[in-house]
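Here's the structure we're looking at; comments come further down.
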Amino acid sequence: MAKRSLLKRLGISGGTFVVAVPYIWLLLFFAVPFIIVLKISFSDIDLAIPPYKPLIESAGNHLIAIKLNFNNYFFLFTDSLYFSAFLNSIKVAFISTVLCLLVGYPMAYGIARSAPATRNILLLLVVLPFWTSLLLRVYAWIGLLKANGVINNVLQWMGLIDEPLPMLYTQFAMYIGIVYSYLPFMILPLYSNLEKMNWQLLEAAQDLGCRPWQSFYKITLPLSRNGILAGSMLVFIPAVGEFVIPALLGGPNALMIGRILWDEFFSNRAWPVASAVAILLLIVLVPFMMWYQSVQARESAGDGR
Amino acid sequence: MSIPATVPLKPAPWKDPSARPYVQLERLTKKFGDFTAVDDISLKIYQGEIFCLLGASGCGKTTLLRMLGGFETPTSGKILIDGEDMAGVPPYQRPVNMMFQSYAIFPHMNVEQNVAFGLKQDGVSKAQIKERVATMLDLVKMGDFARRKPHQLSGGQRQRVALARSLVKRPKLLLLDEPLGALDKKLREHTQFELISLQEKLGVTFVVVTHDQEEAMTLASRIGVMNHGEIVQTGTPSEIYEFPSTKFVADFIGSVNMFEGKLVEDEPNYVRIQSDELGSTIFVNHGISSPPQAVVWAAIRPEKIFMSIARPEGTDNIVQGAVQDIAYLGDLSIFLVKLPTGKVVRVTRPNTSRHSEEITWDQQVYLNWDSTSPVVVTR
């Protein structure tokens, strides 16, 4: 009771309080670290702890000097390593998104068209991997893909191959890992979109002369556009910055921006450069995030159906 | 309320043994697991007809329609359309179009694109599509709404778009699943007549599924009354109403007073039925084919029972009762009259004058009916 009256005295209603708490949380644990990273990205590198020079210095005479150092950003554009890493990350994320879509669309479609009782079981199976940590699941893939791993052993035992296939530490393994990990993020929004579909529309299309694949192409696909976009963004955005999967499954030449960031930060102790990479990555992804937001807004407004 | 269907000038094709049916069902059956949705139906539908399949929900009428459209495969039996066996012919190759109950208008296309869809699919030239779509939209009075998206349309407008879309391909046979079900009462009545005039103009054969008997009576050239997957009676609206063949049909179409009784006099030109429910005998002026002493039912429509305070002349078909309830509907009034046996009889009386004979609650009245009025059914 005492607390309530305190809130009241401060002029804060219960509703405001409930909304304010998560916002304060986000402010503290997202905005503040972001500002710190932003600050570091404008500092000079230094052989000290922490390994950068302060942004704000006293210049005597009660003056302070703020030195904004854009060199870290310029550096990213002079060394082609960063550009190609960015490009490669976007390429990998794009290919992964397309693969997820190719695998996920039929699955989402199948779930949406199954009987309501089986539907829940199928959805549960999609979400089931989340019950164990990502790291464990990626390690499990190492066990499957390595030279004397499950897959190679089975293939050799069946006599299909003489020597183990080199699968681990290749692009192939990396894509398997990414597609496997991100597939639920593609399936769930697609499913929730397809589930709202009026299937009688397909019968109407057939009645008007469409073969089944034509009615899919002309009716189902355009009507699930928002689901496709939402799922693709949910895969693409985090996949661009993905670090764990390429590091564990991909080869040494899997040049991803997340990997570069890690190396700059921990191996080179170049915090300012690493921070600049992080900020730039964010700038690259912001348009995609905004696009995703607008798709989400459209989807919940029910436009286009 | 019901309006008789248009009277054909030629003898009705279903009465002409030489007429070739346009749609022919031969012993058609559809089973879903153990459930028989359509049970051994044979039926002939002729060109230019509006044939209504009428029945309560779950009677199999929609399944039958979907089999005609090619969306369900018959378990056994045959469907012939224009003499051609439809077995294995997919929906997109049938000379049939369907108007769906939900209208199934494509939400991502505007009115014009919806109507043009089928023509585009058939590879009709652009100029032709434009012309035919415009003509069709004018026909259903949607010409001004060509650029609207479906979500900007009212229920009645959507119905028109769905109709235009299914008619623009000029099908020989149009299947309509509860075409007016989603419309409110006033609009429904109006649209019924529009649908008939459109059908006459285009000469398309309609097969309509409905659970609304008034809709069926208004639209149909013939009605097939369905129950439990079977067609229990086929006939023109007036045949179905005036000469129901079973208790079910008599009861399903309109309201009826049903009196159970025994055949006590069975002559070729008249019968007399002793009904304990009525507490009297019913005299019917035509013979029926039923064994004597058999249990039969006499069905008498409420509007065919006359009610008076003074005892009418004659001896047959007169009973006395007390008015239990009155419902004034404006054009007519419904009276519920309780007989001494406890049976309640429903009587309707048109309010032909503004000050008609005053009959009030609890009044003793005489009920009588013409000896041609009862319909005797044996099952």
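Residue names in the structure tokens use chain letters A, B, ... in the order shown, residue numbers from 1 in each chain, and ligand numbers from 1 in the order shown.
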**Q.** Spatial neighbours of A:Ser43, 12 Å, only C-alpha atoms, chain gap at least 5 places, as a list in words
**A.**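 Counting only C-alpha atoms, the residues come to Ile36, Val37, Leu38, Pro50, Pro51, Tyr52, Lys53, Pro54, Leu55, Ile56, Glu57, Ile66, Lys67, Leu68, Asn69, Phe70, Asn71, Asn72, Tyr73, Ala270, Trp271, Pro272, Val273, Ala274, Ser275 and Ala276 of chain A.
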Q | For B:Ile309: contacts at 12 Å, only C-alpha atoms, fewer than 4 positions along chain excluded, given as a list in words | A | Val319, Gln320, Gly321, Ala322, Val323, Glu357, Glu358, Ile359, Thr360, Asp362, Gln363, Gln364, Val365, Tyr366, Leu367 and Asn368 of chain B
Q: Provide as a count of residues only the residues of chain A at most 12 Å from chain B, counting only C-alpha atoms.
A: 31
Q. Using the chain letters and numbers from this document, which residues of stretch 125-366 of chain B does DSSP assign to alpha helix (DSSP H), as a ChimeraX atom specification?
A. /B:126-139,155-167,185-202,213-219,237-242,247-252
Q. Near B:Gly287, within 9 Å and counting only C-alpha atoms, which residues show up once chain neighbours fewer than 5 positions away are dropped, as a ChimeraX atom specification?
A. /B:266-271
N, CA, C and O atoms of the current selection, written as an mmCIF file, in the first residue's frame:
data_model
loop_
_atom_site.group_PDB
_atom_site.id
_atom_site.type_symbol
_atom_site.label_atom_id
_atom_site.label_comp_id
_atom_site.auth_asym_id
_atom_site.auth_seq_id
_atom_site.Cartn_x
_atom_site.Cartn_y
_atom_site.Cartn_z
ATOM 1 N N ASP B 266 -62.084 -46.522 -47.766
ATOM 2 C CA ASP B 266 -61.129 -46.416 -48.863
ATOM 3 C C ASP B 266 -61.836 -46.749 -50.162
ATOM 4 O O ASP B 266 -61.962 -47.896 -50.541
ATOM 5 N N GLU B 267 -62.361 -45.742 -50.811
ATOM 6 C CA GLU B 267 -63.058 -45.926 -52.083
ATOM 7 C C GLU B 267 -62.189 -45.324 -53.185
ATOM 8 O O GLU B 267 -61.315 -44.506 -52.915
ATOM 9 N N PRO B 268 -62.459 -45.760 -54.432
ATOM 10 C CA PRO B 268 -61.621 -45.214 -55.514
ATOM 11 C C PRO B 268 -61.720 -43.696 -55.632
ATOM 12 O O PRO B 268 -60.760 -43.049 -56.043
ATOM 13 N N ASN B 269 -62.859 -43.100 -55.267
ATOM 14 C CA ASN B 269 -62.983 -41.659 -55.495
ATOM 15 C C ASN B 269 -63.014 -40.846 -54.202
ATOM 16 O O ASN B 269 -63.187 -39.644 -54.228
ATOM 17 N N TYR B 270 -62.919 -41.481 -53.064
ATOM 18 C CA TYR B 270 -62.769 -40.715 -51.825
ATOM 19 C C TYR B 270 -62.209 -41.615 -50.727
ATOM 20 O O TYR B 270 -62.265 -42.851 -50.827
ATOM 21 N N VAL B 271 -61.685 -41.008 -49.678
ATOM 22 C CA VAL B 271 -61.260 -41.762 -48.498
ATOM 23 C C VAL B 271 -61.711 -41.010 -47.260
ATOM 24 O O VAL B 271 -61.980 -39.803 -47.297
#
Q: Counting only C-alpha atoms, figure out which residue out of B:Ser245, B:Thr191, B:Asn285, B:Thr234 gets nearest to B:Ser42.
A: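 The closest residue to B:Ser42 is B:Thr234.
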Q: Tell me which of A:Leu280, A:Leu102, A:Ala239, A:Leu234 sits closest to A:Phe77, counting only C-alpha atoms.
A: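 The closest residue to A:Phe77 is A:Leu280.
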Q: Work out how far apart atom CA of A:Leu229 and atom CA of B:Arg147 are and give it in Å to one decimal.
A: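 One can read the atom CA of A:Leu229 to atom CA of B:Arg147 distance as 26.5 Å.
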Among stretch 65-265 of chain B, which residues does DSSP mark as strand (DSSP E or B) when it is run on the backbone? Keep the chain and numbering as in the structure and answer as a tab-separated table (two decimals) with all heavy atoms, in the first residue's frame.
chain	number	residue	atom	x	y	z
B	76	SER	N	-19.12	-43.55	-56.08
B	76	SER	CA	-19.59	-44.37	-57.19
B	76	SER	C	-20.63	-43.56	-57.94
B	76	SER	O	-21.11	-42.54	-57.47
B	76	SER	CB	-20.18	-45.69	-56.66
B	76	SER	OG	-21.31	-45.43	-55.87
B	77	GLY	N	-20.98	-44.07	-59.13
B	77	GLY	CA	-21.96	-43.38	-59.94
B	77	GLY	C	-21.31	-42.47	-60.97
B	77	GLY	O	-20.09	-42.37	-61.03
B	78	LYS	N	-22.15	-41.84	-61.76
B	78	LYS	CA	-21.67	-41.11	-62.91
B	78	LYS	C	-22.26	-39.71	-62.97
B	78	LYS	O	-23.40	-39.50	-62.56
B	78	LYS	CB	-22.11	-41.85	-64.17
B	78	LYS	CG	-20.96	-42.42	-65.01
B	78	LYS	CD	-21.46	-42.65	-66.39
B	78	LYS	CE	-21.22	-44.08	-66.85
B	78	LYS	NZ	-21.73	-44.32	-68.18
B	79	ILE	N	-21.48	-38.77	-63.47
B	79	ILE	CA	-21.99	-37.43	-63.77
B	79	ILE	C	-21.78	-37.19	-65.26
B	79	ILE	O	-20.66	-37.29	-65.75
B	79	ILE	CB	-21.24	-36.34	-62.97
B	79	ILE	CG1	-21.41	-36.54	-61.47
B	79	ILE	CG2	-21.73	-34.96	-63.39
B	79	ILE	CD1	-20.57	-35.60	-60.63
B	80	LEU	N	-22.86	-36.92	-65.98
B	80	LEU	CA	-22.74	-36.57	-67.39
B	80	LEU	C	-23.16	-35.11	-67.54
B	80	LEU	O	-24.23	-34.71	-67.09
B	80	LEU	CB	-23.65	-37.45	-68.24
B	80	LEU	CG	-23.40	-38.96	-68.18
B	80	LEU	CD1	-24.58	-39.70	-68.79
B	80	LEU	CD2	-22.11	-39.33	-68.89
B	81	ILE	N	-22.29	-34.32	-68.16
B	81	ILE	CA	-22.66	-32.95	-68.48
B	81	ILE	C	-22.61	-32.81	-69.99
B	81	ILE	O	-21.58	-33.09	-70.61
B	81	ILE	CB	-21.72	-31.93	-67.80
B	81	ILE	CG1	-21.86	-32.03	-66.27
B	81	ILE	CG2	-22.05	-30.51	-68.26
B	81	ILE	CD1	-20.95	-31.11	-65.49
B	84	GLU	N	-21.30	-35.78	-71.71
B	84	GLU	CA	-19.93	-36.22	-71.52
B	84	GLU	C	-19.69	-36.67	-70.09
B	84	GLU	O	-20.08	-35.98	-69.15
B	84	GLU	CB	-18.98	-35.06	-71.84
B	84	GLU	CG	-17.91	-35.43	-72.84
B	84	GLU	CD	-17.07	-34.20	-73.15
B	84	GLU	OE1	-17.53	-33.34	-73.91
B	84	GLU	OE2	-15.96	-34.11	-72.60
B	85	ASP	N	-19.05	-37.80	-69.95
B	85	ASP	CA	-18.75	-38.31	-68.61
B	85	ASP	C	-17.69	-37.43	-67.97
B	85	ASP	O	-16.63	-37.19	-68.54
B	85	ASP	CB	-18.26	-39.76	-68.72
B	85	ASP	CG	-18.21	-40.43	-67.34
B	85	ASP	OD1	-18.35	-39.72	-66.33
B	85	ASP	OD2	-18.04	-41.66	-67.30
B	96	VAL	N	-18.11	-25.70	-66.65
B	96	VAL	CA	-18.95	-25.37	-65.52
B	96	VAL	C	-18.26	-24.27	-64.74
B	96	VAL	O	-17.04	-24.27	-64.65
B	96	VAL	CB	-19.07	-26.62	-64.61
B	96	VAL	CG1	-19.72	-26.28	-63.30
B	96	VAL	CG2	-19.83	-27.73	-65.31
B	97	ASN	N	-19.01	-23.34	-64.21
B	97	ASN	CA	-18.41	-22.40	-63.26
B	97	ASN	C	-19.24	-22.41	-61.98
B	97	ASN	O	-20.38	-22.79	-61.98
B	97	ASN	CB	-18.32	-21.00	-63.84
B	97	ASN	CG	-17.11	-20.86	-64.75
B	97	ASN	OD1	-17.24	-20.65	-65.94
B	97	ASN	ND2	-15.93	-21.03	-64.18
B	98	MET	N	-18.57	-21.98	-60.92
B	98	MET	CA	-19.22	-22.08	-59.62
B	98	MET	C	-19.14	-20.73	-58.91
B	98	MET	O	-18.13	-20.04	-58.99
B	98	MET	CB	-18.51	-23.14	-58.79
B	98	MET	CG	-19.11	-23.34	-57.42
B	98	MET	SD	-18.89	-25.06	-56.92
B	98	MET	CE	-19.25	-24.94	-55.18
B	99	MET	N	-20.23	-20.40	-58.25
B	99	MET	CA	-20.21	-19.23	-57.38
B	99	MET	C	-20.19	-19.74	-55.95
B	99	MET	O	-21.12	-20.42	-55.53
B	99	MET	CB	-21.43	-18.38	-57.63
B	99	MET	CG	-21.32	-17.02	-57.01
B	99	MET	SD	-22.79	-16.09	-57.36
B	99	MET	CE	-23.13	-15.51	-55.72
B	173	LEU	N	-23.26	-24.12	-67.63
B	173	LEU	CA	-23.87	-24.52	-66.37
B	173	LEU	C	-23.21	-23.72	-65.25
B	173	LEU	O	-21.98	-23.68	-65.15
B	173	LEU	CB	-23.64	-26.02	-66.15
B	173	LEU	CG	-24.12	-26.61	-64.82
B	173	LEU	CD1	-25.63	-26.53	-64.71
B	173	LEU	CD2	-23.68	-28.06	-64.70
B	174	LEU	N	-24.03	-23.06	-64.45
B	174	LEU	CA	-23.48	-22.32	-63.32
B	174	LEU	C	-23.98	-22.95	-62.03
B	174	LEU	O	-25.17	-23.22	-61.86
B	174	LEU	CB	-23.93	-20.85	-63.39
B	174	LEU	CG	-23.33	-19.95	-62.30
B	174	LEU	CD1	-21.83	-19.82	-62.47
B	174	LEU	CD2	-23.96	-18.58	-62.29
B	175	LEU	N	-23.01	-23.21	-61.13
B	175	LEU	CA	-23.35	-23.79	-59.84
B	175	LEU	C	-23.32	-22.67	-58.82
B	175	LEU	O	-22.34	-21.94	-58.74
B	175	LEU	CB	-22.34	-24.88	-59.47
B	175	LEU	CG	-22.06	-25.92	-60.56
B	175	LEU	CD1	-20.89	-26.81	-60.15
B	175	LEU	CD2	-23.29	-26.75	-60.83
B	176	LEU	N	-24.36	-22.54	-58.04
B	176	LEU	CA	-24.41	-21.46	-57.05
B	176	LEU	C	-24.63	-22.06	-55.66
B	176	LEU	O	-25.63	-22.74	-55.43
B	176	LEU	CB	-25.53	-20.47	-57.37
B	176	LEU	CG	-25.46	-19.79	-58.74
B	176	LEU	CD1	-26.40	-20.48	-59.72
B	176	LEU	CD2	-25.80	-18.31	-58.64
B	177	ASP	N	-23.67	-21.82	-54.79
B	177	ASP	CA	-23.74	-22.35	-53.42
B	177	ASP	C	-24.26	-21.26	-52.49
B	177	ASP	O	-23.56	-20.30	-52.22
B	177	ASP	CB	-22.35	-22.82	-52.98
B	177	ASP	CG	-22.40	-23.61	-51.69
B	177	ASP	OD1	-23.51	-23.80	-51.16
B	177	ASP	OD2	-21.33	-24.04	-51.22
B	205	THR	N	-27.87	-22.59	-67.57
B	205	THR	CA	-28.54	-23.49	-66.65
B	205	THR	C	-27.96	-23.26	-65.26
B	205	THR	O	-26.75	-23.24	-65.09
B	205	THR	CB	-28.31	-24.95	-67.08
B	205	THR	OG1	-28.67	-25.06	-68.45
B	205	THR	CG2	-29.13	-25.91	-66.25
B	206	PHE	N	-28.84	-23.08	-64.28
B	206	PHE	CA	-28.38	-22.85	-62.92
B	206	PHE	C	-28.67	-24.08	-62.07
B	206	PHE	O	-29.76	-24.64	-62.16
B	206	PHE	CB	-29.15	-21.68	-62.27
B	206	PHE	CG	-28.63	-20.31	-62.60
B	206	PHE	CD1	-27.76	-20.09	-63.64
B	206	PHE	CD2	-29.03	-19.22	-61.83
B	206	PHE	CE1	-27.30	-18.82	-63.93
B	206	PHE	CE2	-28.58	-17.94	-62.11
B	206	PHE	CZ	-27.72	-17.74	-63.16
B	207	VAL	N	-27.71	-24.47	-61.27
B	207	VAL	CA	-28.00	-25.40	-60.19
B	207	VAL	C	-27.68	-24.66	-58.89
B	207	VAL	O	-26.55	-24.23	-58.68
B	207	VAL	CB	-27.17	-26.70	-60.27
B	207	VAL	CG1	-27.46	-27.60	-59.08
B	207	VAL	CG2	-27.49	-27.44	-61.57
B	208	VAL	N	-28.70	-24.47	-58.07
B	208	VAL	CA	-28.56	-23.64	-56.88
B	208	VAL	C	-28.72	-24.51	-55.64
B	208	VAL	O	-29.62	-25.34	-55.58
B	208	VAL	CB	-29.64	-22.53	-56.85
B	208	VAL	CG1	-29.46	-21.64	-55.64
B	208	VAL	CG2	-29.61	-21.72	-58.13
B	209	VAL	N	-27.82	-24.32	-54.71
B	209	VAL	CA	-27.95	-24.99	-53.42
B	209	VAL	C	-28.44	-23.98	-52.41
B	209	VAL	O	-27.91	-22.87	-52.34
B	209	VAL	CB	-26.58	-25.56	-52.99
B	209	VAL	CG1	-26.48	-25.64	-51.49
B	209	VAL	CG2	-26.36	-26.94	-53.59
B	210	THR	N	-29.46	-24.32	-51.67
B	210	THR	CA	-29.94	-23.40	-50.64
B	210	THR	C	-30.63	-24.15	-49.52
B	210	THR	O	-31.11	-25.26	-49.70
B	210	THR	CB	-30.90	-22.35	-51.24
B	210	THR	OG1	-31.33	-21.50	-50.21
B	210	THR	CG2	-32.09	-22.99	-51.90
B	222	ARG	N	-37.46	-26.04	-60.91
B	222	ARG	CA	-37.77	-27.25	-60.15
B	222	ARG	C	-36.92	-27.28	-58.89
B	222	ARG	O	-35.83	-26.73	-58.84
B	222	ARG	CB	-37.47	-28.50	-60.98
B	222	ARG	CG	-38.59	-28.84	-61.95
B	222	ARG	CD	-38.39	-30.21	-62.53
B	222	ARG	NE	-37.09	-30.35	-63.15
B	222	ARG	CZ	-36.47	-31.52	-63.30
B	222	ARG	NH1	-37.03	-32.63	-62.87
B	222	ARG	NH2	-35.30	-31.57	-63.88
B	223	ILE	N	-37.46	-27.96	-57.89
B	223	ILE	CA	-36.75	-28.09	-56.62
B	223	ILE	C	-36.51	-29.57	-56.37
B	223	ILE	O	-37.38	-30.40	-56.63
B	223	ILE	CB	-37.61	-27.52	-55.45
B	223	ILE	CG1	-37.78	-26.01	-55.61
B	223	ILE	CG2	-36.98	-27.83	-54.09
B	223	ILE	CD1	-38.73	-25.40	-54.60
B	224	GLY	N	-35.30	-29.88	-55.89
B	224	GLY	CA	-35.05	-31.23	-55.38
B	224	GLY	C	-34.88	-31.13	-53.89
B	224	GLY	O	-33.93	-30.50	-53.42
B	225	VAL	N	-35.81	-31.70	-53.15
B	225	VAL	CA	-35.70	-31.61	-51.69
B	225	VAL	C	-34.81	-32.74	-51.20
B	225	VAL	O	-35.03	-33.91	-51.53
B	225	VAL	CB	-37.09	-31.72	-51.02
B	225	VAL	CG1	-36.96	-31.57	-49.51
B	225	VAL	CG2	-38.03	-30.67	-51.58
B	226	MET	N	-33.76	-32.38	-50.47
B	226	MET	CA	-32.80	-33.38	-50.01
B	226	MET	C	-32.89	-33.61	-48.52
B	226	MET	O	-33.14	-32.69	-47.74
B	226	MET	CB	-31.37	-32.95	-50.37
B	226	MET	CG	-31.05	-33.11	-51.84
B	226	MET	SD	-29.31	-32.83	-52.18
B	226	MET	CE	-28.57	-34.30	-51.51
B	227	ASN	N	-32.69	-34.87	-48.15
B	227	ASN	CA	-32.64	-35.23	-46.73
B	227	ASN	C	-31.72	-36.44	-46.58
B	227	ASN	O	-31.87	-37.42	-47.31
B	227	ASN	CB	-34.05	-35.55	-46.23
B	227	ASN	CG	-34.08	-35.71	-44.73
B	227	ASN	OD1	-33.28	-35.11	-44.01
B	227	ASN	ND2	-34.99	-36.53	-44.25
B	230	GLU	N	-30.25	-38.04	-49.71
B	230	GLU	CA	-31.14	-38.49	-50.78
B	230	GLU	C	-32.01	-37.34	-51.26
B	230	GLU	O	-32.32	-36.43	-50.48
B	230	GLU	CB	-32.05	-39.61	-50.27
B	230	GLU	CG	-31.32	-40.90	-49.97
B	230	GLU	CD	-32.27	-41.92	-49.37
B	230	GLU	OE1	-33.31	-42.20	-49.98
B	230	GLU	OE2	-31.98	-42.40	-48.27
B	231	ILE	N	-32.43	-37.43	-52.51
B	231	ILE	CA	-33.44	-36.49	-52.98
B	231	ILE	C	-34.78	-37.13	-52.71
B	231	ILE	O	-35.12	-38.17	-53.28
B	231	ILE	CB	-33.25	-36.17	-54.48
B	231	ILE	CG1	-31.97	-35.35	-54.67
B	231	ILE	CG2	-34.45	-35.40	-55.01
B	231	ILE	CD1	-31.77	-34.79	-56.04
B	232	VAL	N	-35.56	-36.53	-51.81
B	232	VAL	CA	-36.82	-37.17	-51.42
B	232	VAL	C	-37.96	-36.80	-52.35
B	232	VAL	O	-38.90	-37.57	-52.51
B	232	VAL	CB	-37.20	-36.85	-49.95
B	232	VAL	CG1	-36.40	-37.72	-49.01
B	232	VAL	CG2	-36.99	-35.40	-49.63
B	233	GLN	N	-37.89	-35.64	-52.97
B	233	GLN	CA	-38.91	-35.29	-53.95
B	233	GLN	C	-38.36	-34.26	-54.93
B	233	GLN	O	-37.62	-33.36	-54.55
B	233	GLN	CB	-40.16	-34.73	-53.27
B	233	GLN	CG	-41.32	-34.59	-54.22
B	233	GLN	CD	-42.59	-34.10	-53.55
B	233	GLN	OE1	-42.64	-33.91	-52.34
B	233	GLN	NE2	-43.63	-33.88	-54.35
B	234	THR	N	-38.73	-34.41	-56.19
B	234	THR	CA	-38.36	-33.44	-57.21
B	234	THR	C	-39.64	-32.91	-57.83
B	234	THR	O	-40.54	-33.69	-58.14
B	234	THR	CB	-37.51	-34.10	-58.30
B	234	THR	OG1	-36.51	-34.88	-57.68
B	234	THR	CG2	-36.84	-33.08	-59.18
B	235	GLY	N	-39.72	-31.61	-58.02
B	235	GLY	CA	-40.90	-31.07	-58.66
B	235	GLY	C	-40.86	-29.57	-58.74
B	235	GLY	O	-39.95	-28.94	-58.20
B	257	ASN	N	-50.19	-28.47	-40.86
B	257	ASN	CA	-50.79	-29.19	-39.75
B	257	ASN	C	-50.86	-30.66	-40.13
B	257	ASN	O	-51.42	-31.01	-41.17
B	257	ASN	CB	-52.20	-28.67	-39.48
B	257	ASN	CG	-52.17	-27.23	-39.02
B	257	ASN	OD1	-51.67	-26.92	-37.94
B	257	ASN	ND2	-52.66	-26.33	-39.86
B	258	MET	N	-50.25	-31.48	-39.33
B	258	MET	CA	-50.16	-32.90	-39.67
B	258	MET	C	-51.04	-33.69	-38.71
B	258	MET	O	-50.93	-33.56	-37.49
B	258	MET	CB	-48.69	-33.32	-39.50
B	258	MET	CG	-48.32	-34.61	-40.18
B	258	MET	SD	-48.19	-34.41	-41.94
B	258	MET	CE	-46.67	-33.53	-42.07
B	259	PHE	N	-51.97	-34.45	-39.27
B	259	PHE	CA	-52.87	-35.26	-38.43
B	259	PHE	C	-52.64	-36.73	-38.74
B	259	PHE	O	-52.82	-37.18	-39.88
B	259	PHE	CB	-54.33	-34.90	-38.69
B	259	PHE	CG	-54.64	-33.45	-38.44
B	259	PHE	CD1	-54.79	-32.58	-39.51
B	259	PHE	CD2	-54.76	-32.95	-37.16
B	259	PHE	CE1	-55.06	-31.24	-39.30
B	259	PHE	CE2	-55.03	-31.61	-36.93
B	259	PHE	CZ	-55.19	-30.75	-38.01
B	260	GLU	N	-52.28	-37.47	-37.71
B	260	GLU	CA	-52.10	-38.90	-37.90
B	260	GLU	C	-53.46	-39.58	-37.81
B	260	GLU	O	-54.30	-39.19	-37.00
B	260	GLU	CB	-51.17	-39.45	-36.80
B	260	GLU	CG	-50.69	-40.85	-37.09
B	260	GLU	CD	-49.80	-41.39	-35.97
B	260	GLU	OE1	-48.98	-40.63	-35.44
B	260	GLU	OE2	-49.95	-42.57	-35.64
B	261	GLY	N	-53.66	-40.58	-38.65
B	261	GLY	CA	-54.95	-41.25	-38.60
B	261	GLY	C	-54.92	-42.60	-39.28
B	261	GLY	O	-53.88	-43.04	-39.76
B	262	LYS	N	-56.11	-43.24	-39.28
B	262	LYS	CA	-56.24	-44.55	-39.90
B	262	LYS	C	-57.24	-44.44	-41.03
B	262	LYS	O	-58.25	-43.76	-40.92
B	262	LYS	CB	-56.75	-45.56	-38.87
B	262	LYS	CG	-55.65	-46.39	-38.25
B	262	LYS	CD	-56.26	-47.50	-37.43
B	262	LYS	CE	-55.30	-47.98	-36.36
B	262	LYS	NZ	-56.03	-48.45	-35.16
B	263	LEU	N	-56.98	-45.17	-42.09
B	263	LEU	CA	-57.86	-45.20	-43.23
B	263	LEU	C	-59.08	-46.04	-42.85
B	263	LEU	O	-58.97	-47.24	-42.61
B	263	LEU	CB	-57.11	-45.85	-44.40
B	263	LEU	CG	-57.26	-45.25	-45.78
B	263	LEU	CD1	-57.03	-43.75	-45.74
B	263	LEU	CD2	-56.28	-45.91	-46.71
B	264	VAL	N	-60.27	-45.42	-42.74
B	264	VAL	CA	-61.45	-46.21	-42.36
B	264	VAL	C	-62.36	-46.46	-43.55
B	264	VAL	O	-63.06	-47.47	-43.60
B	264	VAL	CB	-62.24	-45.56	-41.20
B	264	VAL	CG1	-61.48	-45.75	-39.89
B	264	VAL	CG2	-62.51	-44.09	-41.46
B	265	GLU	N	-62.38	-45.55	-44.51
B	265	GLU	CA	-63.13	-45.81	-45.74
B	265	GLU	C	-62.18	-45.56	-46.89
B	265	GLU	O	-61.53	-44.53	-46.94
B	265	GLU	CB	-64.34	-44.86	-45.84
B	265	GLU	CG	-65.51	-45.27	-44.98
B	265	GLU	CD	-66.64	-44.27	-45.12
B	265	GLU	OE1	-66.98	-43.89	-46.26
B	265	GLU	OE2	-67.14	-43.82	-44.07
Q: For atom CA of A:Val284 and atom CA of A:Leu87, determine how far apart the two atoms are, in Å to one decimal place.
A: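 Atom CA of A:Leu87 lies 10.9 Å from atom CA of A:Val284.
The coordinates place atom CA of B:Val345 at 8.0 Å from atom CA of B:Pro302.
Closest approach to B:Asp40 among B:His228, B:Arg272, B:Phe193, B:Ala182 is made by B:His228 (distances from only C-alpha atoms).
Residues lying within 12 Å of B:Lys15, counting only C-alpha atoms and ignoring same-chain neighbours fewer than 4 positions away, are Pro8, Lys10, Pro11, Ala19, Arg20, Pro21, Lys44, Ile45, Tyr46, Arg222, Gly235 and Thr236 of chain B.
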